[in-house]
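For reference, data27.cif is printed below; it contains mmCIF, C-alpha atoms.
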```
data_run
#
loop_
_atom_site.group_PDB
_atom_site.id
_atom_site.type_symbol
_atom_site.label_atom_id
_atom_site.label_comp_id
_atom_site.auth_asym_id
_atom_site.auth_seq_id
_atom_site.Cartn_x
_atom_site.Cartn_y
_atom_site.Cartn_z
ATOM 1 C CA MET J 1 2.628 17.323 -11.022
ATOM 2 C CA LEU J 2 1.388 13.861 -10.125
ATOM 3 C CA ARG J 3 2.236 11.249 -12.745
ATOM 4 C CA ARG J 4 -0.140 8.387 -13.438
ATOM 5 C CA PRO J 5 0.896 5.021 -14.888
ATOM 6 C CA ARG J 6 -0.728 3.731 -18.030
ATOM 7 C CA ALA J 7 -3.973 1.844 -17.531
ATOM 8 C CA LEU J 8 -3.521 -1.922 -17.676
ATOM 9 C CA ARG J 9 -4.930 -3.773 -20.649
ATOM 10 C CA ASP J 10 -5.800 -7.418 -21.105
ATOM 11 C CA GLY J 11 -2.627 -9.413 -21.797
ATOM 12 C CA ASP J 12 -0.234 -6.857 -20.307
ATOM 13 C CA ARG J 13 3.029 -8.161 -18.842
ATOM 14 C CA VAL J 14 3.242 -7.677 -15.081
ATOM 15 C CA ALA J 15 6.576 -8.175 -13.315
ATOM 16 C CA ILE J 16 6.649 -9.888 -9.925
ATOM 17 C CA VAL J 17 9.344 -8.427 -7.692
ATOM 18 C CA ALA J 18 10.539 -9.430 -4.217
ATOM 19 C CA PRO J 19 11.877 -6.323 -2.455
ATOM 20 C CA ALA J 20 11.197 -7.665 1.039
ATOM 21 C CA SER J 21 11.088 -11.163 2.586
ATOM 22 C CA PRO J 22 11.210 -14.598 0.917
ATOM 23 C CA PHE J 23 7.933 -16.412 0.387
ATOM 24 C CA ASP J 24 6.276 -19.806 0.218
ATOM 25 C CA ARG J 25 6.685 -21.250 -3.285
ATOM 26 C CA ASP J 26 3.242 -22.922 -3.366
ATOM 27 C CA ARG J 27 1.477 -19.678 -2.464
ATOM 28 C CA PHE J 28 3.579 -17.899 -5.063
ATOM 29 C CA GLU J 29 2.472 -20.302 -7.794
ATOM 30 C CA ARG J 30 -1.201 -19.924 -6.816
ATOM 31 C CA GLY J 31 -0.833 -16.146 -6.882
ATOM 32 C CA VAL J 32 0.761 -16.305 -10.332
ATOM 33 C CA ALA J 33 -2.191 -18.387 -11.536
ATOM 34 C CA GLU J 34 -4.585 -15.768 -10.147
ATOM 35 C CA LEU J 35 -2.783 -13.013 -12.061
ATOM 36 C CA ARG J 36 -3.235 -15.035 -15.230
ATOM 37 C CA ASP J 37 -6.922 -15.429 -14.401
ATOM 38 C CA LEU J 38 -7.122 -11.638 -14.254
ATOM 39 C CA GLY J 39 -6.029 -11.558 -17.887
ATOM 40 C CA LEU J 40 -2.451 -10.490 -17.173
ATOM 41 C CA ARG J 41 0.875 -12.106 -18.112
ATOM 42 C CA PRO J 42 3.024 -12.451 -14.985
ATOM 43 C CA VAL J 43 6.792 -12.518 -15.541
ATOM 44 C CA PHE J 44 9.680 -12.644 -13.098
ATOM 45 C CA ASP J 45 13.435 -12.904 -12.786
ATOM 46 C CA ASP J 46 14.538 -16.126 -11.080
ATOM 47 C CA ARG J 47 16.334 -13.965 -8.522
ATOM 48 C CA VAL J 48 12.964 -13.446 -6.805
ATOM 49 C CA PHE J 49 13.573 -16.882 -5.249
ATOM 50 C CA GLU J 50 16.855 -15.871 -3.616
ATOM 51 C CA ARG J 51 17.117 -15.984 0.170
ATOM 52 C CA GLN J 52 19.500 -14.213 2.484
ATOM 53 C CA ALA J 53 18.444 -14.805 6.096
ATOM 54 C CA TYR J 54 15.116 -12.958 6.429
ATOM 55 C CA VAL J 55 15.177 -11.126 3.087
ATOM 56 C CA ALA J 56 14.809 -12.223 -0.542
ATOM 57 C CA GLY J 57 18.437 -11.754 -1.563
ATOM 58 C CA SER J 58 20.967 -8.980 -1.061
ATOM 59 C CA PRO J 59 19.844 -5.331 -1.306
ATOM 60 C CA PRO J 60 21.776 -4.772 -4.579
ATOM 61 C CA SER J 61 20.205 -7.888 -6.119
ATOM 62 C CA ARG J 62 16.685 -6.929 -5.078
ATOM 63 C CA ALA J 63 17.175 -3.344 -6.219
ATOM 64 C CA GLU J 64 18.540 -4.386 -9.606
ATOM 65 C CA CYS J 65 15.571 -6.722 -10.184
ATOM 66 C CA PHE J 66 13.223 -3.871 -9.301
ATOM 67 C CA ARG J 67 15.003 -1.379 -11.559
ATOM 68 C CA ALA J 68 15.241 -3.852 -14.434
ATOM 69 C CA ALA J 69 11.493 -4.473 -14.303
ATOM 70 C CA TRP J 70 10.822 -0.734 -14.160
ATOM 71 C CA ARG J 71 13.097 -0.025 -17.135
ATOM 72 C CA ASP J 72 11.665 -2.847 -19.267
ATOM 73 C CA PRO J 73 9.299 -1.188 -21.785
ATOM 74 C CA SER J 74 7.357 -4.435 -22.183
ATOM 75 C CA VAL J 75 6.398 -4.453 -18.476
ATOM 76 C CA ALA J 76 3.266 -2.464 -17.639
ATOM 77 C CA ALA J 77 3.195 -2.889 -13.838
ATOM 78 C CA LEU J 78 5.043 -4.372 -10.867
ATOM 79 C CA VAL J 79 3.420 -6.526 -8.165
ATOM 80 C CA ALA J 80 5.249 -7.431 -4.967
ATOM 81 C CA ALA J 81 5.566 -11.101 -4.059
ATOM 82 C CA ARG J 82 5.069 -10.433 -0.326
ATOM 83 C CA GLY J 83 5.891 -8.018 2.469
ATOM 84 C CA GLY J 84 7.699 -8.897 5.676
ATOM 85 C CA TYR J 85 10.869 -6.815 5.865
ATOM 86 C CA GLY J 86 13.527 -5.297 3.634
ATOM 87 C CA SER J 87 11.964 -2.808 1.206
ATOM 88 C CA ALA J 88 13.592 0.209 2.865
ATOM 89 C CA GLN J 89 17.026 -1.281 2.123
ATOM 90 C CA LEU J 90 16.401 -0.650 -1.582
ATOM 91 C CA LEU J 91 15.693 3.078 -1.320
ATOM 92 C CA PRO J 92 19.316 4.355 -1.501
ATOM 93 C CA LEU J 93 19.804 2.149 -4.588
ATOM 94 C CA LEU J 94 16.849 3.549 -6.561
ATOM 95 C CA ASP J 95 16.772 6.610 -8.816
ATOM 96 C CA ALA J 96 13.752 8.874 -8.267
ATOM 97 C CA ALA J 97 14.191 10.507 -11.679
ATOM 98 C CA GLU J 98 14.198 7.101 -13.375
ATOM 99 C CA LEU J 99 10.971 6.056 -11.666
ATOM 100 C CA ARG J 100 9.266 9.343 -12.450
ATOM 101 C CA HIS J 101 10.407 9.361 -16.084
ATOM 102 C CA ARG J 102 8.556 6.145 -16.887
ATOM 103 C CA PRO J 103 5.678 5.827 -14.379
ATOM 104 C CA LYS J 104 4.350 2.325 -13.795
ATOM 105 C CA ALA J 105 1.873 0.824 -11.376
ATOM 106 C CA LEU J 106 3.437 -0.653 -8.240
ATOM 107 C CA VAL J 107 1.048 -2.809 -6.204
ATOM 108 C CA GLY J 108 1.745 -3.898 -2.642
ATOM 109 C CA CYS J 109 1.215 -3.136 1.027
ATOM 110 C CA SER J 110 2.720 -3.963 4.425
ATOM 111 C CA ASP J 111 6.524 -3.582 4.175
ATOM 112 C CA LEU J 112 6.061 -2.187 0.650
ATOM 113 C CA THR J 113 4.898 1.030 2.315
ATOM 114 C CA ALA J 114 8.552 2.122 2.229
ATOM 115 C CA LEU J 115 8.617 1.902 -1.572
ATOM 116 C CA LEU J 116 5.099 3.257 -2.038
ATOM 117 C CA THR J 117 5.918 6.310 0.085
ATOM 118 C CA PHE J 118 9.101 6.902 -1.913
ATOM 119 C CA LEU J 119 7.157 6.525 -5.159
ATOM 120 C CA THR J 120 4.263 8.818 -4.240
ATOM 121 C CA ILE J 121 5.971 11.562 -2.228
ATOM 122 C CA GLN J 122 9.516 11.715 -3.584
ATOM 123 C CA CYS J 123 8.859 10.605 -7.167
ATOM 124 C CA GLY J 124 5.349 12.024 -7.613
ATOM 125 C CA VAL J 125 3.948 8.788 -9.097
ATOM 126 C CA VAL J 126 0.661 7.130 -8.111
ATOM 127 C CA GLY J 127 1.100 3.888 -6.146
ATOM 128 C CA PHE J 128 -1.396 1.188 -5.206
ATOM 129 C CA HIS J 129 -2.021 -0.097 -1.684
ATOM 130 C CA GLY J 130 -3.286 -3.506 -2.681
ATOM 131 C CA PRO J 131 -2.778 -7.270 -2.748
ATOM 132 C CA MET J 132 0.566 -8.970 -3.267
ATOM 133 C CA VAL J 133 1.123 -12.331 -4.911
ATOM 134 C CA VAL J 134 0.772 -14.245 -1.634
ATOM 135 C CA SER J 135 -2.543 -12.435 -1.042
ATOM 136 C CA LEU J 136 -3.746 -13.278 -4.537
ATOM 137 C CA SER J 137 -3.072 -16.943 -3.750
ATOM 138 C CA GLU J 138 -6.208 -16.917 -1.571
ATOM 139 C CA GLY J 139 -8.387 -16.139 -4.592
ATOM 140 C CA ARG J 140 -11.520 -14.005 -4.299
ATOM 141 C CA ASP J 141 -11.587 -14.490 -0.518
ATOM 142 C CA GLY J 142 -8.276 -12.668 -0.176
ATOM 143 C CA TYR J 143 -8.807 -9.594 -2.322
ATOM 144 C CA ASP J 144 -11.496 -7.527 -4.009
ATOM 145 C CA ARG J 145 -11.143 -8.041 -7.743
ATOM 146 C CA GLY J 146 -13.375 -5.106 -8.670
ATOM 147 C CA SER J 147 -11.292 -2.473 -6.904
ATOM 148 C CA LEU J 148 -7.972 -3.947 -8.091
ATOM 149 C CA LEU J 149 -8.950 -3.992 -11.757
ATOM 150 C CA GLY J 150 -11.014 -0.842 -11.469
ATOM 151 C CA GLN J 151 -8.168 1.235 -10.067
ATOM 152 C CA LEU J 152 -5.534 -0.212 -12.421
ATOM 153 C CA SER J 153 -7.381 -0.515 -15.727
ATOM 154 C CA ARG J 154 -9.983 2.270 -15.873
ATOM 155 C CA PRO J 155 -8.714 5.869 -16.448
ATOM 156 C CA VAL J 156 -11.689 7.380 -14.603
ATOM 157 C CA PRO J 157 -12.317 8.116 -10.907
ATOM 158 C CA PHE J 158 -13.242 4.883 -9.141
ATOM 159 C CA GLY J 159 -15.768 6.538 -6.835
ATOM 160 C CA PRO J 160 -16.946 4.981 -3.532
ATOM 161 C CA LEU J 161 -14.896 2.068 -2.214
ATOM 162 C CA PRO J 162 -16.717 -1.262 -1.730
ATOM 163 C CA HIS J 163 -17.148 -3.231 1.511
ATOM 164 C CA ASP J 164 -17.784 -0.157 3.646
ATOM 165 C CA ASP J 165 -20.572 -1.803 5.658
ATOM 166 C CA GLY J 166 -18.204 -2.684 8.517
ATOM 167 C CA VAL J 167 -16.415 0.663 8.645
ATOM 168 C CA GLU J 168 -16.803 2.591 11.889
ATOM 169 C CA VAL J 169 -16.872 6.371 12.161
ATOM 170 C CA LEU J 170 -14.554 7.580 14.933
ATOM 171 C CA ARG J 171 -15.011 11.256 14.078
ATOM 172 C CA ARG J 172 -17.655 12.744 11.836
ATOM 173 C CA GLY J 173 -17.064 15.241 9.057
ATOM 174 C CA ARG J 174 -16.070 15.674 5.451
ATOM 175 C CA ALA J 175 -12.622 16.293 3.973
ATOM 176 C CA ARG J 176 -10.824 15.932 0.677
ATOM 177 C CA GLY J 177 -7.103 15.503 0.069
ATOM 178 C CA ARG J 178 -4.367 13.311 -1.366
ATOM 179 C CA LEU J 179 -4.401 9.807 0.115
ATOM 180 C CA LEU J 180 -0.951 8.960 1.505
ATOM 181 C CA GLY J 181 0.420 6.536 4.072
ATOM 182 C CA GLY J 182 0.277 2.814 4.682
ATOM 183 C CA THR J 183 1.699 0.567 7.370
ATOM 184 C CA LEU J 184 2.257 2.561 10.554
ATOM 185 C CA THR J 185 5.480 0.751 11.443
ATOM 186 C CA GLN J 186 7.039 1.684 8.100
ATOM 187 C CA LEU J 187 5.915 5.303 8.218
ATOM 188 C CA VAL J 188 7.453 5.816 11.659
ATOM 189 C CA SER J 189 10.653 3.937 10.732
ATOM 190 C CA SER J 190 11.232 6.390 7.887
ATOM 191 C CA LEU J 191 11.265 9.500 10.075
ATOM 192 C CA GLY J 192 14.677 11.106 10.437
ATOM 193 C CA THR J 193 16.001 9.494 7.233
ATOM 194 C CA SER J 194 16.488 10.836 3.723
ATOM 195 C CA PHE J 195 13.285 8.988 2.792
ATOM 196 C CA SER J 196 11.093 10.392 5.547
ATOM 197 C CA PHE J 197 7.307 10.266 5.305
ATOM 198 C CA ASP J 198 6.760 13.983 4.677
ATOM 199 C CA PRO J 199 3.212 14.558 3.388
ATOM 200 C CA PRO J 200 1.822 17.989 2.473
ATOM 201 C CA PRO J 201 -0.743 19.775 4.659
ATOM 202 C CA GLY J 202 -4.328 18.746 4.008
ATOM 203 C CA PHE J 203 -3.587 15.156 3.046
ATOM 204 C CA VAL J 204 -5.686 12.113 4.000
ATOM 205 C CA LEU J 205 -3.654 9.746 6.197
ATOM 206 C CA LEU J 206 -3.970 5.994 5.631
ATOM 207 C CA LEU J 207 -2.895 3.841 8.591
ATOM 208 C CA ASP J 208 -2.551 0.046 8.617
ATOM 209 C CA ASP J 209 -0.712 -2.580 10.668
ATOM 210 C CA VAL J 210 -0.938 -6.096 12.058
ATOM 211 C CA GLY J 211 0.121 -7.955 15.200
ATOM 212 C CA GLU J 212 1.269 -4.900 17.168
ATOM 213 C CA ARG J 213 0.542 -4.502 20.887
ATOM 214 C CA PRO J 214 -1.580 -1.433 21.682
ATOM 215 C CA TYR J 215 1.237 0.293 23.570
ATOM 216 C CA ARG J 216 3.441 -0.005 20.491
ATOM 217 C CA ILE J 217 0.738 1.554 18.348
ATOM 218 C CA ASP J 218 0.450 4.326 20.936
ATOM 219 C CA ARG J 219 4.225 4.845 20.807
ATOM 220 C CA MET J 220 4.211 5.127 17.020
ATOM 221 C CA LEU J 221 1.236 7.484 16.964
ATOM 222 C CA THR J 222 2.994 9.628 19.572
ATOM 223 C CA GLN J 223 5.984 9.850 17.264
ATOM 224 C CA LEU J 224 3.781 10.891 14.328
ATOM 225 C CA ARG J 225 2.157 13.480 16.575
ATOM 226 C CA GLN J 226 5.453 14.899 17.816
ATOM 227 C CA ALA J 227 6.842 14.926 14.269
ATOM 228 C CA GLY J 228 3.938 17.149 13.222
ATOM 229 C CA ILE J 229 2.438 14.585 10.840
ATOM 230 C CA LEU J 230 -0.971 14.187 12.478
ATOM 231 C CA SER J 231 -1.647 17.919 12.583
ATOM 232 C CA ARG J 232 -1.224 18.071 8.786
ATOM 233 C CA ALA J 233 -3.929 15.443 8.146
ATOM 234 C CA ALA J 234 -7.366 16.577 7.001
ATOM 235 C CA ALA J 235 -8.726 13.076 7.683
ATOM 236 C CA VAL J 236 -7.527 9.689 8.884
ATOM 237 C CA VAL J 237 -8.471 6.336 7.349
ATOM 238 C CA CYS J 238 -7.582 3.296 9.471
ATOM 239 C CA ALA J 239 -7.571 -0.290 8.284
ATOM 240 C CA GLU J 240 -8.673 -3.236 10.452
ATOM 241 C CA PHE J 241 -5.484 -3.614 12.530
ATOM 242 C CA PRO J 242 -5.959 -7.370 13.124
ATOM 243 C CA GLY J 243 -4.123 -9.002 16.014
ATOM 244 C CA CYS J 244 -3.505 -5.632 17.670
ATOM 245 C CA ALA J 245 -5.104 -6.233 21.071
ATOM 246 C CA GLU J 246 -3.874 -7.206 24.503
ATOM 247 C CA PRO J 247 -4.291 -10.911 25.314
ATOM 248 C CA ASP J 248 -7.070 -10.139 27.807
ATOM 249 C CA GLY J 249 -8.888 -7.995 25.253
ATOM 250 C CA GLY J 250 -8.955 -5.015 27.581
ATOM 251 C CA VAL J 251 -7.146 -2.658 25.199
ATOM 252 C CA ASP J 252 -7.085 -2.813 21.413
ATOM 253 C CA ALA J 253 -5.884 -0.816 18.440
ATOM 254 C CA ARG J 254 -9.275 0.735 17.837
ATOM 255 C CA GLY J 255 -9.249 2.325 21.278
ATOM 256 C CA VAL J 256 -5.731 3.668 20.876
ATOM 257 C CA LEU J 257 -6.363 4.991 17.364
ATOM 258 C CA ALA J 258 -9.514 6.771 18.517
ATOM 259 C CA GLY J 259 -7.236 9.088 20.469
ATOM 260 C CA VAL J 260 -5.928 10.466 17.174
ATOM 261 C CA ALA J 261 -9.294 12.136 16.564
ATOM 262 C CA ALA J 262 -8.267 14.944 18.903
ATOM 263 C CA ASP J 263 -5.331 15.794 16.608
ATOM 264 C CA ILE J 264 -7.387 16.469 13.472
ATOM 265 C CA ASP J 265 -10.315 18.675 12.525
ATOM 266 C CA GLY J 266 -11.755 16.300 9.942
ATOM 267 C CA PRO J 267 -13.302 12.824 9.848
ATOM 268 C CA MET J 268 -11.738 9.571 10.969
ATOM 269 C CA LEU J 269 -12.670 6.024 9.946
ATOM 270 C CA PHE J 270 -11.712 2.647 11.373
ATOM 271 C CA GLY J 271 -11.979 -0.795 9.779
ATOM 272 C CA VAL J 272 -11.458 -0.026 6.077
ATOM 273 C CA PRO J 273 -10.586 -3.427 4.540
ATOM 274 C CA THR J 274 -7.219 -2.713 2.961
ATOM 275 C CA GLY J 275 -3.720 -3.993 3.611
ATOM 276 C CA HIS J 276 -3.733 -6.365 6.593
ATOM 277 C CA THR J 277 -7.365 -7.404 6.471
ATOM 278 C CA ARG J 278 -8.969 -10.616 7.650
ATOM 279 C CA ALA J 279 -12.668 -9.895 7.944
ATOM 280 C CA ARG J 280 -13.324 -9.016 4.284
ATOM 281 C CA PRO J 281 -11.528 -9.152 0.918
ATOM 282 C CA MET J 282 -8.726 -6.587 0.611
ATOM 283 C CA VAL J 283 -9.641 -3.512 -1.413
ATOM 284 C CA THR J 284 -7.063 -1.659 -3.496
ATOM 285 C CA LEU J 285 -6.523 2.034 -2.763
ATOM 286 C CA PRO J 286 -4.633 4.454 -5.036
ATOM 287 C CA LEU J 287 -2.015 6.475 -3.155
ATOM 288 C CA GLY J 288 -1.298 10.023 -4.221
ATOM 289 C CA VAL J 289 -4.694 10.816 -5.744
ATOM 290 C CA GLU J 290 -7.493 12.959 -4.305
ATOM 291 C CA VAL J 291 -10.065 11.176 -2.175
ATOM 292 C CA THR J 292 -13.011 12.352 -0.107
ATOM 293 C CA VAL J 293 -13.860 11.040 3.337
ATOM 294 C CA ASP J 294 -17.508 11.790 4.033
ATOM 295 C CA THR J 295 -19.261 10.233 7.019
ATOM 296 C CA ASP J 296 -22.714 11.370 5.846
ATOM 297 C CA VAL J 297 -22.915 9.391 2.603
ATOM 298 C CA SER J 298 -22.762 5.764 1.575
ATOM 299 C CA GLY J 299 -19.267 4.829 0.482
ATOM 300 C CA ARG J 300 -17.458 6.891 3.068
ATOM 301 C CA LEU J 301 -14.156 6.769 1.191
ATOM 302 C CA ILE J 302 -14.560 8.088 -2.345
ATOM 303 C CA VAL J 303 -11.775 8.123 -4.955
ATOM 304 C CA GLU J 304 -12.188 11.430 -6.793
ATOM 305 C CA GLU J 305 -9.426 11.166 -9.402
ATOM 306 C CA ALA J 306 -8.368 8.578 -11.948
ATOM 307 C CA ALA J 307 -5.346 6.611 -10.729
ATOM 308 C CA VAL J 308 -4.180 5.646 -14.226
ATOM 309 C CA ALA J 309 -4.000 7.356 -17.600
#
```
Would you put the structure from the file into structure tokens?
Amino acid sequence: MLRRPRALRDGDRVAIVAPASPFDRDRFERGVAELRDLGLRPVFDDRVFERQAYVAGSPPSRAECFRAAWRDPSVAALVAARGGYGSAQLLPLLDAAELRHRPKALVGCSDLTALLTFLTIQCGVVGFHGPMVVSLSEGRDGYDRGSLLGQLSRPVPFGPLPHDDGVEVLRRGRARGRLLGGTLTQLVSSLGTSFSFDPPPGFVLLLDDVGERPYRIDRMLTQLRQAGILSRAAAVVCAEFPGCAEPDGGVDARGVLAGVAADIDGPMLFGVPTGHTRARPMVTLPLGVEVTVDTDVSGRLIVEEAAVA
């Protein structure tokens, strides 16, 4: 049974955690101010400012901060400071039963895909593919406030996602299933581990990434194909994939991703503004809940279930 976190209320305490890379302090402070403007009370352990080479402190330190925030009954949700690298290092140090026992909203994207996949597939708790603190620092230009608050604070199905005017249909059709996935690099990196991305048949696959050469995207998609992941998908939802083109512009991510259409029977979209997005504000998507992808109606991606309780 899928477990939903409690809906956020005005004045709720939200813990900022840093499971991945260190971050710019000025952007952090602006993001904290934006959380306050949303009516929330951001809190954090000073260990979020730790640095160890390219990660925000040692794996045990980052994991303990994460677990402490999750165990704290006064904390309603967790928001990642930023992505980068390092979230997967925490997975062996987390307790799936503990996370499932007291479900909370975890918001993040990029490298946080490792934690969101663990939360949704192995713990059975809804996660949120949405803005992190450094994204919130850009204000309304960086994220879509309506979808963030709507998914996290209203215990009803959100319905059609906003900002679908620039979404391209790569394969027509209609399909419904649980939305799972995230950053392609993280999904592929998990394969062959104890925390492998192992979605059920009939799911809707979300794919996102940034700054990857087309041949690398092809390589990762080939691995998903050969691992049997693509054939399980009822539909594929691709984000914008910014910076994923050859320098001469001859080949880009959109062209490579279009090849995935042959692996599925259902619809496929490209350019949904979530995760690594630059053209439009980032929308928040609930992972683990039922969505419909329908290329014949306005609002091609429709959230069919409440993400919170």
If the PyMOL selection byres ((chain J and resi 79) around 6) is run on the structure shown, which residues does it catch, given as number ranges by chain?
J: 16, 78, 80, 106-107
Using only C-alpha atoms, which residues sit within 12 Å of range 48-63 of chain J once same-chain residues fewer than 3 positions away are excluded, as a PyMOL selection string?
chain J and resi 15-25+28-29+43-45+66-70+79-95+111+115
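Interatomic distance, CA of Asp141 in chain J against CA of Pro286 in chain J: 20.7 Å.
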Using all atoms listed in the file for the distances, tell me which of J:Val236, J:Leu38, J:Leu207, J:Ala96 is nearest to Arg174 in chain J.
J:Val236
Counting all atoms listed in the file, give me one row per residue of range 245-293 of chain J with an atom at most 12 Å from an atom of range 1-9 of chain J, showing the shortest contact pair and its distance in Å to one decimal, sorted by chain then residue number, as JSON lines.
```
{"residue": "J:Pro286", "atom": "CA", "partner": "J:Arg4", "partner_atom": "CA", "distance": 10.3}
{"residue": "J:Leu287", "atom": "CA", "partner": "J:Arg4", "partner_atom": "CA", "distance": 10.6}
{"residue": "J:Gly288", "atom": "CA", "partner": "J:Leu2", "partner_atom": "CA", "distance": 7.5}
{"residue": "J:Val289", "atom": "CA", "partner": "J:Leu2", "partner_atom": "CA", "distance": 8.1}
{"residue": "J:Glu290", "atom": "CA", "partner": "J:Leu2", "partner_atom": "CA", "distance": 10.7}
```
Can you write out the residues you just picked, keeping C-alpha atoms, as a CSV table (one decimal), in the coordinates of the input?
```csv
chain,number,residue,atom,x,y,z
J,286,PRO,CA,-4.6,4.5,-5.0
J,287,LEU,CA,-2.0,6.5,-3.2
J,288,GLY,CA,-1.3,10.0,-4.2
J,289,VAL,CA,-4.7,10.8,-5.7
J,290,GLU,CA,-7.5,13.0,-4.3
```
May I have a table of the residues of range 49-163 of chain J lying at most 12 Å from range 254-273 of chain J, giving each one's closest pair of atoms and their distance in Å to one decimal, counting only C-alpha atoms, ordered by chain and ascending residue number, as a Markdown table?
```
| residue | atom | partner | partner_atom | distance |
| --- | --- | --- | --- | --- |
| J:His129 | CA | J:Pro273 | CA | 11.1 |
| J:Gly130 | CA | J:Pro273 | CA | 10.3 |
| J:Pro131 | CA | J:Pro273 | CA | 11.4 |
| J:Gly142 | CA | J:Pro273 | CA | 10.6 |
| J:Tyr143 | CA | J:Pro273 | CA | 9.4 |
| J:Asp144 | CA | J:Pro273 | CA | 9.5 |
| J:Ser147 | CA | J:Pro273 | CA | 11.5 |
| J:Leu161 | CA | J:Val272 | CA | 9.2 |
| J:Pro162 | CA | J:Pro273 | CA | 9.0 |
| J:His163 | CA | J:Pro273 | CA | 7.2 |
```
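When the distance limit is 8 Å and all atoms listed in the file are what count, the residues near Phe203 in chain J, minus those fewer than 2 positions from it on the same chain, are J:Arg176, J:Gly177, J:Arg178, J:Leu179, J:Leu180, J:Pro199, J:Pro200, J:Pro201, J:Leu205, J:Arg232, J:Ala233, J:Ala234, J:Ala235.
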Please report the interatomic distance between CA of Leu152 in chain J and CA of Val308 in chain J in Å with one decimal.
6.3 Å
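Taking CA of Asp12 in chain J and CA of Ala77 in chain J as the two end points, the separation is 8.3 Å.
Among the candidates J:Tyr215, J:Leu191, J:Asp208, J:Pro157, the residue lying nearest to Val303 in chain J is J:Pro157 (atoms considered: only C-alpha atoms).
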Evaluated on this file, the PyMOL selection byres ((chain J and resi 32) around 8) picks out some residues - which ones are they, written as a compact mmCIF listing (two decimals) with C-alpha atoms, in the coordinates of the input?
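Saved as out07.txt:
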```txt
# COMPACT_ATOMS: atom_id res chain seq x y z
CA PHE J 28 3.58 -17.90 -5.06
CA GLU J 29 2.47 -20.30 -7.79
CA ARG J 30 -1.20 -19.92 -6.82
CA GLY J 31 -0.83 -16.15 -6.88
CA ALA J 33 -2.19 -18.39 -11.54
CA GLU J 34 -4.58 -15.77 -10.15
CA LEU J 35 -2.78 -13.01 -12.06
CA ARG J 36 -3.24 -15.04 -15.23
CA PRO J 42 3.02 -12.45 -14.98
CA VAL J 133 1.12 -12.33 -4.91
CA LEU J 136 -3.75 -13.28 -4.54
CA SER J 137 -3.07 -16.94 -3.75
```
Tell me which residues the PyMOL selection byres ((chain J and resi 109) around 6) grabs here, as a PDB file with C-alpha atoms, keeping the file's coordinate frame.
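Produced file part-v3.pdb, reproduced below:
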```pdb
ATOM      1  CA  GLY J 108       1.745  -3.898  -2.642  1.00  0.00           C
ATOM      2  CA  SER J 110       2.720  -3.963   4.425  1.00  0.00           C
ATOM      3  CA  LEU J 112       6.061  -2.187   0.650  1.00  0.00           C
ATOM      4  CA  THR J 113       4.898   1.030   2.315  1.00  0.00           C
ATOM      5  CA  HIS J 129      -2.021  -0.097  -1.684  1.00  0.00           C
ATOM      6  CA  GLY J 130      -3.286  -3.506  -2.681  1.00  0.00           C
ATOM      7  CA  GLY J 275      -3.720  -3.993   3.611  1.00  0.00           C
TER       8      GLY J 275
END
```
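Across J:Arg280, J:Arg47, J:Arg171, J:Arg13, the tightest approach to Lys104 in chain J is made by J:Arg13 when counting only C-alpha atoms.
Counting only C-alpha atoms and comparing J:Glu168, J:Glu138, J:Glu64, J:Asp198, the residue that lies closest to Phe118 in chain J is J:Asp198.
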For a quick check of understanding, using all atoms listed in the file, which of J:Ala97, J:Ala227, J:Leu148, J:Ala175 has the smallest distance to Val125 in chain J?
J:Ala97
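Shortest atom-to-atom contact with Arg41 in chain J among J:Leu119, J:Val75, J:Cys65, J:Val156: J:Val75, counting only C-alpha atoms.
Distance cut-off 12 Å, centre (4.0, 8.1, 18.6), atoms counted all atoms listed in the file; the residues meeting this are Leu184, Thr185, Leu187, Val188, Ser189, Leu191, Pro214, Tyr215, Arg216, Ile217, Asp218, Arg219, Met220, Leu221, Thr222, Gln223, Leu224, Arg225, Gln226, Ala227, Gly228, Ile229, Leu230, Val256, Leu257, Gly259 and Val260 of chain J.
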Hey, could you patch up range 112-119 of chain J with N, CA and C atoms and hand it over as a PDB file, in the coordinates of the input?
```pdb
ATOM      1  N   LEU J 112       5.937  -2.960   1.885  1.00  0.00           N
ATOM      2  CA  LEU J 112       6.061  -2.187   0.650  1.00  0.00           C
ATOM      3  C   LEU J 112       5.709  -0.724   0.848  1.00  0.00           C
ATOM      4  N   THR J 113       5.169  -0.377   2.021  1.00  0.00           N
ATOM      5  CA  THR J 113       4.898   1.030   2.315  1.00  0.00           C
ATOM      6  C   THR J 113       6.139   1.886   2.102  1.00  0.00           C
ATOM      7  N   ALA J 114       7.310   1.355   2.425  1.00  0.00           N
ATOM      8  CA  ALA J 114       8.552   2.122   2.229  1.00  0.00           C
ATOM      9  C   ALA J 114       8.720   2.527   0.771  1.00  0.00           C
ATOM     10  N   LEU J 115       8.488   1.603  -0.146  1.00  0.00           N
ATOM     11  CA  LEU J 115       8.617   1.902  -1.572  1.00  0.00           C
ATOM     12  C   LEU J 115       7.464   2.756  -2.074  1.00  0.00           C
ATOM     13  N   LEU J 116       6.257   2.484  -1.592  1.00  0.00           N
ATOM     14  CA  LEU J 116       5.099   3.257  -2.038  1.00  0.00           C
ATOM     15  C   LEU J 116       5.204   4.707  -1.592  1.00  0.00           C
ATOM     16  N   THR J 117       5.722   4.948  -0.387  1.00  0.00           N
ATOM     17  CA  THR J 117       5.918   6.310   0.085  1.00  0.00           C
ATOM     18  C   THR J 117       6.969   7.026  -0.757  1.00  0.00           C
ATOM     19  N   PHE J 118       8.064   6.340  -1.050  1.00  0.00           N
ATOM     20  CA  PHE J 118       9.101   6.902  -1.913  1.00  0.00           C
ATOM     21  C   PHE J 118       8.528   7.247  -3.282  1.00  0.00           C
ATOM     22  N   LEU J 119       7.720   6.335  -3.825  1.00  0.00           N
ATOM     23  CA  LEU J 119       7.157   6.525  -5.159  1.00  0.00           C
ATOM     24  C   LEU J 119       6.193   7.707  -5.194  1.00  0.00           C
TER      25      LEU J 119
END
```
